[in-house]
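Asks: This is the content of upload31.cif (mmCIF, C-alpha atoms):
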```
data_query
loop_
_atom_site.label_atom_id
_atom_site.label_comp_id
_atom_site.auth_asym_id
_atom_site.auth_seq_id
_atom_site.Cartn_x
_atom_site.Cartn_y
_atom_site.Cartn_z
CA MET P 1 230.32 -51.35 122.26
CA ILE P 2 229.47 -55.04 121.89
CA ALA P 3 225.93 -54.23 120.74
CA VAL P 4 227.30 -51.78 118.15
CA LEU P 5 229.81 -54.26 116.72
CA ALA P 6 227.21 -57.03 116.66
CA ALA P 7 224.63 -54.80 114.94
CA VAL P 8 227.11 -53.61 112.30
CA ALA P 9 228.31 -57.15 111.58
CA LEU P 10 224.75 -58.45 111.30
CA TYR P 11 223.66 -55.53 109.08
CA LEU P 12 226.58 -56.18 106.74
CA LEU P 13 225.88 -59.91 106.75
CA ALA P 14 222.24 -59.27 105.83
CA THR P 15 223.38 -56.90 103.08
CA GLY P 16 225.80 -59.48 101.70
CA LEU P 17 223.13 -62.17 101.68
CA LEU P 18 220.76 -59.84 99.84
CA VAL P 19 223.41 -59.04 97.23
CA ALA P 20 224.06 -62.77 96.74
CA GLU P 21 220.35 -63.44 96.29
CA VAL P 22 220.00 -60.65 93.72
CA ARG P 23 222.94 -62.03 91.76
CA ARG P 24 221.30 -65.45 91.72
CA GLY P 25 218.05 -63.86 90.59
CA GLY P 26 216.21 -65.26 93.60
CA ALA P 27 214.06 -63.77 96.34
CA GLY P 28 214.88 -65.92 99.35
CA ARG P 29 214.85 -64.99 103.02
CA ALA P 30 218.28 -66.11 104.17
CA TRP P 31 218.99 -62.49 105.08
CA LEU P 32 216.01 -62.20 107.45
CA PRO P 33 217.48 -63.71 110.68
CA ALA P 34 220.61 -61.55 110.42
CA ALA P 35 218.53 -58.42 109.78
CA ALA P 36 216.19 -59.16 112.69
CA LEU P 37 219.08 -59.67 115.10
CA ALA P 38 220.73 -56.49 113.81
CA LEU P 39 217.57 -54.54 114.64
CA VAL P 40 217.57 -55.95 118.17
CA MET P 41 221.24 -55.02 118.71
CA HIS P 42 220.71 -51.57 117.20
CA ALA P 43 217.79 -50.87 119.53
CA ALA P 44 219.66 -52.36 122.50
CA GLU P 45 222.54 -49.92 122.03
CA HIS P 46 220.16 -46.98 122.39
CA VAL P 47 218.32 -48.52 125.34
CA PHE P 48 221.57 -49.19 127.22
CA ALA P 49 222.75 -45.63 126.53
CA TRP P 50 219.46 -44.15 127.70
CA ARG P 51 219.71 -46.09 130.94
CA ARG P 52 223.20 -44.65 131.52
CA ILE P 53 222.25 -41.03 130.85
CA GLY P 54 218.78 -41.16 132.38
CA GLY P 55 216.54 -40.63 129.35
CA ALA P 56 216.15 -40.73 125.59
CA ASP P 57 218.86 -38.91 123.64
CA MET P 58 217.44 -37.31 120.49
CA HIS P 59 220.28 -35.05 119.44
CA PHE P 60 221.61 -35.02 115.87
CA TYR P 61 223.53 -38.30 115.64
CA ALA P 62 221.18 -40.20 117.93
CA ALA P 63 218.15 -38.98 115.97
CA LEU P 64 219.83 -40.00 112.71
CA SER P 65 220.50 -43.45 114.11
CA LEU P 66 216.90 -43.80 115.32
CA VAL P 67 215.51 -42.77 111.94
CA THR P 68 217.69 -45.32 110.13
CA LEU P 69 216.60 -47.92 112.71
CA GLY P 70 212.98 -47.14 111.83
CA MET P 71 213.82 -47.44 108.14
CA ALA P 72 215.48 -50.81 108.75
CA VAL P 73 212.46 -52.06 110.71
CA LEU P 74 210.08 -51.04 107.91
CA THR P 75 212.35 -52.54 105.26
CA THR P 76 212.62 -55.83 107.14
CA ALA P 77 208.87 -55.99 107.78
CA VAL P 78 207.97 -55.30 104.15
CA GLY P 79 210.80 -57.39 102.72
CA ALA P 80 209.81 -60.42 104.77
CA ARG P 81 206.45 -60.48 102.95
CA GLY P 82 207.47 -59.60 99.41
CA ARG P 83 210.20 -58.73 96.99
CA MET P 84 211.17 -55.33 98.38
CA ALA P 85 213.94 -56.85 100.48
CA THR P 86 216.45 -55.40 97.99
CA LEU P 87 215.82 -52.05 99.67
CA GLY P 88 217.87 -53.44 102.53
CA MET P 89 221.00 -53.25 100.38
CA VAL P 90 220.80 -49.48 100.87
CA VAL P 91 219.03 -49.18 104.23
CA PHE P 92 221.12 -51.68 106.23
CA PRO P 93 224.50 -50.05 105.44
CA LEU P 94 222.97 -46.63 106.21
CA ALA P 95 221.72 -47.90 109.58
CA SER P 96 225.09 -49.40 110.46
CA ALA P 97 226.93 -46.18 109.51
CA ALA P 98 224.54 -44.04 111.55
CA LEU P 99 224.93 -46.34 114.55
CA VAL P 100 228.73 -46.16 114.37
CA ALA P 101 228.59 -42.36 114.07
CA THR P 102 226.33 -42.17 117.12
CA HIS P 103 228.63 -44.37 119.17
CA MET P 104 231.75 -42.41 118.15
CA HIS P 105 230.10 -39.08 118.86
CA GLY P 106 228.71 -40.26 122.19
CA HIS P 107 225.30 -39.78 123.76
CA ARG P 108 224.41 -36.42 125.28
CA PRO P 109 222.24 -35.89 128.36
CA PRO P 110 218.55 -35.86 127.36
CA GLU P 111 216.59 -32.66 127.11
CA PRO P 112 213.95 -32.19 129.83
CA LEU P 113 210.80 -32.98 127.85
CA ASP P 114 207.41 -33.87 129.29
CA TRP P 115 205.39 -36.77 127.88
CA ARG P 116 203.62 -34.55 125.34
CA LEU P 117 206.82 -33.32 123.72
CA GLN P 118 208.29 -36.82 123.87
CA LEU P 119 205.21 -38.07 122.00
CA HIS P 120 205.74 -35.33 119.43
CA ALA P 121 209.41 -36.24 119.04
CA TRP P 122 208.80 -39.98 118.64
CA MET P 123 206.02 -39.37 116.14
CA ALA P 124 208.34 -37.12 114.15
CA LEU P 125 211.06 -39.80 114.01
CA LEU P 126 208.55 -42.39 112.83
CA ALA P 127 207.21 -40.02 110.16
CA TYR P 128 210.71 -39.22 108.89
CA ALA P 129 211.65 -42.91 108.76
CA THR P 130 208.49 -43.80 106.81
CA LEU P 131 208.89 -40.98 104.30
CA ALA P 132 212.61 -41.71 103.90
CA VAL P 133 211.67 -45.25 102.85
CA ALA P 134 209.18 -43.70 100.42
CA ALA P 135 211.98 -41.58 98.96
CA LEU P 136 214.12 -44.70 98.41
CA LEU P 137 211.15 -46.43 96.78
CA ALA P 138 210.78 -43.42 94.49
CA VAL P 139 214.43 -43.71 93.46
CA GLY P 140 213.91 -47.42 92.81
CA LEU P 141 210.85 -46.64 90.70
CA TRP P 142 212.82 -44.10 88.68
CA LEU P 143 215.70 -46.55 88.11
CA GLN P 144 213.28 -49.29 87.09
CA GLU P 145 211.44 -47.06 84.62
CA ARG P 146 214.71 -45.81 83.18
CA ALA P 147 216.10 -49.33 82.70
CA LEU P 148 212.88 -50.58 81.10
CA SER P 149 212.67 -47.60 78.73
CA ARG P 150 216.23 -48.29 77.61
CA ARG P 151 215.55 -52.04 77.47
CA GLU P 152 218.40 -52.67 79.90
CA ILE P 153 217.48 -55.79 81.86
CA HIS P 154 219.66 -56.12 84.96
CA HIS P 155 219.69 -58.73 87.72
CA TRP P 156 218.41 -56.23 90.29
CA LEU P 157 215.31 -55.62 88.16
CA ARG P 158 214.23 -59.22 88.73
CA ALA P 159 214.42 -58.65 92.48
CA LEU P 160 211.97 -55.74 92.32
CA PRO P 161 208.22 -56.15 92.11
CA PRO P 162 206.42 -55.23 88.88
CA LEU P 163 206.27 -51.52 88.12
CA VAL P 164 202.60 -51.13 89.08
CA GLU P 165 203.10 -52.99 92.36
CA LEU P 166 206.13 -50.88 93.24
CA GLU P 167 204.18 -47.72 92.47
CA THR P 168 201.31 -48.89 94.68
CA LEU P 169 203.70 -49.58 97.54
CA LEU P 170 205.23 -46.14 97.08
CA PHE P 171 201.92 -44.34 97.42
CA ARG P 172 200.82 -46.46 100.36
CA THR P 173 204.05 -45.57 102.14
CA ILE P 174 203.61 -41.89 101.30
CA ALA P 175 200.03 -41.94 102.58
CA THR P 176 201.15 -43.49 105.87
CA GLY P 177 203.97 -41.00 106.24
CA PHE P 178 201.65 -38.13 105.33
CA VAL P 179 199.30 -39.04 108.19
CA LEU P 180 202.21 -39.41 110.64
CA LEU P 181 203.74 -36.10 109.57
CA GLY P 182 200.37 -34.39 109.91
CA ALA P 183 200.03 -35.79 113.44
CA THR P 184 203.56 -34.57 114.17
CA LEU P 185 202.70 -31.04 113.05
CA LEU P 186 199.47 -31.09 115.04
CA THR P 187 201.15 -32.20 118.26
CA GLY P 188 203.85 -29.60 117.70
CA ILE P 189 201.28 -26.82 117.39
CA LEU P 190 199.41 -28.06 120.47
CA PHE P 191 202.37 -28.82 122.74
CA VAL P 192 205.20 -26.41 121.81
CA ASP P 193 204.81 -23.16 123.75
CA ASP P 194 207.02 -20.72 121.83
CA LEU P 195 208.27 -21.60 118.36
CA LEU P 196 210.45 -18.48 118.07
CA ALA P 197 212.14 -18.88 121.45
CA GLN P 198 212.91 -22.55 120.81
CA HIS P 199 214.37 -21.99 117.32
CA LEU P 200 211.62 -24.12 115.81
CA LEU P 201 209.88 -21.71 113.45
CA HIS P 202 211.98 -22.59 110.40
CA LYS P 203 211.64 -26.30 111.17
CA THR P 204 207.86 -25.96 111.41
CA VAL P 205 207.59 -23.98 108.17
CA LEU P 206 209.73 -26.42 106.18
CA SER P 207 207.90 -29.43 107.64
CA LEU P 208 204.56 -27.85 106.78
CA LEU P 209 205.74 -27.20 103.21
CA SER P 210 206.87 -30.82 102.93
CA TRP P 211 203.51 -32.03 104.25
CA LEU P 212 201.70 -29.85 101.70
CA VAL P 213 203.83 -31.15 98.84
CA PHE P 214 203.11 -34.74 99.85
CA GLY P 215 199.43 -33.82 100.10
CA VAL P 216 199.39 -32.34 96.60
CA LEU P 217 201.08 -35.49 95.31
CA LEU P 218 198.46 -37.74 96.91
CA LEU P 219 195.69 -35.50 95.58
CA GLY P 220 197.22 -35.58 92.11
CA ARG P 221 197.42 -39.36 92.28
CA TRP P 222 193.76 -39.59 93.30
CA ARG P 223 192.31 -37.02 90.91
CA LYS P 224 194.64 -37.15 87.90
CA GLY P 225 196.40 -40.50 88.23
CA TRP P 226 199.90 -39.05 88.67
CA ARG P 227 202.59 -41.70 88.41
CA GLY P 228 206.07 -42.40 87.13
CA ARG P 229 208.52 -39.52 87.00
CA THR P 230 205.94 -37.04 88.23
CA ALA P 231 205.52 -39.05 91.43
CA VAL P 232 209.28 -39.42 91.80
CA HIS P 233 209.97 -35.69 91.42
CA TRP P 234 207.27 -34.65 93.91
CA THR P 235 208.36 -37.30 96.42
CA LEU P 236 212.02 -36.29 96.32
CA ALA P 237 211.18 -32.58 96.50
CA ALA P 238 208.99 -33.12 99.56
CA MET P 239 211.64 -35.31 101.20
CA ALA P 240 214.34 -32.70 100.57
CA LEU P 241 212.24 -30.14 102.44
CA LEU P 242 211.77 -32.60 105.29
CA VAL P 243 215.49 -33.32 105.54
CA LEU P 244 216.21 -29.60 105.67
CA ALA P 245 213.50 -29.13 108.29
CA PHE P 246 214.76 -31.77 110.70
CA PHE P 247 218.37 -32.74 110.14
CA GLY P 248 219.36 -29.48 108.45
CA SER P 249 218.14 -27.42 111.39
CA LYS P 250 219.60 -29.89 113.91
CA PHE P 251 222.97 -29.81 112.18
CA VAL P 252 223.14 -26.02 112.22
CA LEU P 253 221.83 -25.56 115.75
CA GLU P 254 223.61 -28.42 117.49
CA LEU P 255 226.85 -28.91 115.55
CA VAL P 256 227.54 -25.48 114.07
CA LEU P 257 226.03 -23.07 116.61
CA GLN P 258 226.35 -25.49 119.57
CA ARG P 259 222.82 -24.80 120.77
CA ALA P 260 220.35 -27.28 122.25
#
```
Can the structure from this file be put into structure tokens for me?

Replies:
Amino acid sequence: MIAVLAAVALYLLATGLLVAEVRRGGAGRAWLPAAALALVMHAAEHVFAWRRIGGADMHFYAALSLVTLGMAVLTTAVGARGRMATLGMVVFPLASAALVATHMHGHRPPEPLDWRLQLHAWMALLAYATLAVAALLAVGLWLQERALSRREIHHWLRALPPLVELETLLFRTIATGFVLLGATLLTGILFVDDLLAQHLLHKTVLSLLSWLVFGVLLLGRWRKGWRGRTAVHWTLAAMALLVLAFFGSKFVLELVLQRA
């Protein structure tokens, strides 16, 4: 409980410091120590829980918390080197909310997975976290383009990198997530014995569709120079499929149907 309270307080402190910096029009790093400590406390809560239950819990709420932890790590790492720290104003509150939900729901005994399936599961969480950050970058790109087209100059615009730089970061993040998601699908095909028996067919199909959509987007960027709203629409469509594939299926199976 102490780790949870500390992580939430530190996440909110980092968020508040980011908001204050945006209002001042600056791009300082006063938020960085609080964010780094929040990540440590967030991870510690899961480690302590896993030690109690004898393994890694990857059920719905725990998986959601781990994905937001991955998003917070990526946001902190990128924000510490540039002007994308403003992403933390969205990611840090999400991470704190997911952590609280996980603690309130409680950790469930881990599923008996061998090292191959554990590798598959961890790779999936990392892929989802990376592509979720890409989706937030796409929303930021859309908001920036919209504000500039309407000649509405806000304080938060000054905290974002130039449009071209933001777009480059978006596609680099998508490319990384695309590789990770491809590796996730490959390990799933190699290591999962029976997709139908394990209620994984729909998850695999939706994940494959998401991977294909991301692939078409990257191809369109390379061959035809896709950008702007086109990139945003394709990114959000692919991410919607991925959310349905992972958290949608987990929600139905674990919370509605009460199946493992």

Asks: In Å to one decimal, how far is CA of Leu126 in chain P from CA of Ala240 in chain P?

Replies: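 Taking CA of Ala240 in chain P as the start and CA of Leu126 in chain P as the end point, the length is 16.7 Å.
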
Asks: If you measure from CA of Leu87 in chain P to CA of Ser210 in chain P, what distance in Å do you get, rounded to one decimal?

Replies: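 So the answer is 23.3 Å.
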
Asks: When you look at range 136-141 of chain P with a cut-off of 10 Å (counting all atoms listed in the file), what residues show up, excluding the ones that are within fewer than 4 positions of it in the same chain? I need them as a PyMOL selection string.

Replies: chain P and resi 84+86-87+90-91+131-132+145-147+157+160-164+166-167+169-171+173-174+227-229+231-236

Asks: Smallest atom-to-atom distance to Glu111 in chain P: which of P:Ala20, P:Ala3, P:Met58, P:Ala135, using all atoms listed in the file?

Replies: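 Ranked by minimum distance to Glu111 in chain P, first place goes to P:Met58.
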
Asks: Quick one: residues within 12 Å of Arg81 in chain P, all atoms listed in the file counted, chain neighbours fewer than 3 positions away excluded, as a list in words?

Replies: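 Counting only the stated atoms, we get Ala27, Gly28, Arg29, Leu32, Leu74, Thr75, Thr76, Ala77, Val78, Met84, Ala85 and Pro161 of chain P.
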
Asks: Could you jot down the CA of Ala98 in chain P to CA of Gly182 in chain P separation for me, Å, one decimal place?

Replies: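 Here the two named atoms are 26.1 Å from each other.
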
Asks: Could you check the closest approach to His46 in chain P for each of P:Thr102, P:Ser96, P:Thr230, P:Thr176 and tell me which residue wins, using all atoms listed in the file?

Replies: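 Between P:Thr102, P:Ser96, P:Thr230, P:Thr176, the residue approaching His46 in chain P most closely is P:Thr102.
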
Asks: Write out as a list of chain:residue names which residues come within 10 Å of Leu181 in chain P when counting all atoms listed in the file, dropping same-chain ones fewer than 4 positions away.

Replies: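 Contacts, with the query itself left out: P:Met123, P:Ala124, P:Leu125, P:Leu126, P:Ala127, P:Tyr128, P:Thr130, P:Leu131, P:Ala175, P:Thr176, P:Gly177, P:Leu185, P:Leu186, P:Thr187, P:Ser207, P:Leu208, P:Ser210, P:Trp211, P:Phe214, P:Leu242.
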
Asks: Quick one: residues within 9 Å of Leu69 in chain P, all atoms listed in the file, excluding same-chain residues fewer than 6 positions away - as a ChimeraX atom specification?

Replies: /P:39,42-43,91-92,95-96,98-99,129

Asks: Hey, which of P:Leu217, P:Ala121, P:Gly88, P:Leu148 ends up closest to Val22 in chain P? Count only C-alpha atoms.

Replies: P:Gly88

Asks: Kindly resolve the PyMOL selection byres ((chain P and resi 47-54) around 10) on the present coordinates and return the residues as a PDB file with C-alpha atoms, keeping the file's coordinate frame.

Replies:
```pdb
ATOM      1  CA  ALA P   3     225.930 -54.230 120.740  1.00  0.00           C
ATOM      2  CA  MET P  41     221.240 -55.020 118.710  1.00  0.00           C
ATOM      3  CA  HIS P  42     220.710 -51.570 117.200  1.00  0.00           C
ATOM      4  CA  ALA P  43     217.790 -50.870 119.530  1.00  0.00           C
ATOM      5  CA  ALA P  44     219.660 -52.360 122.500  1.00  0.00           C
ATOM      6  CA  GLU P  45     222.540 -49.920 122.030  1.00  0.00           C
ATOM      7  CA  HIS P  46     220.160 -46.980 122.390  1.00  0.00           C
ATOM      8  CA  GLY P  55     216.540 -40.630 129.350  1.00  0.00           C
ATOM      9  CA  ALA P  56     216.150 -40.730 125.590  1.00  0.00           C
ATOM     10  CA  ASP P  57     218.860 -38.910 123.640  1.00  0.00           C
ATOM     11  CA  HIS P 103     228.630 -44.370 119.170  1.00  0.00           C
ATOM     12  CA  GLY P 106     228.710 -40.260 122.190  1.00  0.00           C
ATOM     13  CA  HIS P 107     225.300 -39.780 123.760  1.00  0.00           C
ATOM     14  CA  ARG P 108     224.410 -36.420 125.280  1.00  0.00           C
ATOM     15  CA  PRO P 109     222.240 -35.890 128.360  1.00  0.00           C
ATOM     16  CA  PRO P 110     218.550 -35.860 127.360  1.00  0.00           C
TER      17      PRO P 110
END
```

Asks: Between P:Leu10, P:Phe246, P:Leu241, P:Ala36, which one has atoms that come closest to His59 in chain P, using all atoms listed in the file?

Replies: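 Closest candidate: P:Phe246.
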
Asks: Choose the residue, out of P:Ala134, P:Ala238, P:Ala14, P:Ala97, that has the smallest atom-to-atom separation from Val216 in chain P; count all atoms listed in the file.

Replies: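 Selected residue with least distance to Val216 in chain P: P:Ala238.
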
Asks: Nearest to Ile189 in chain P among P:His120, P:Ala245, P:Arg221, P:Val133, with distances taken over all atoms listed in the file: which residue is it?

Replies: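 Going through P:His120, P:Ala245, P:Arg221, P:Val133 one by one, the smallest distance to Ile189 in chain P is for P:His120.
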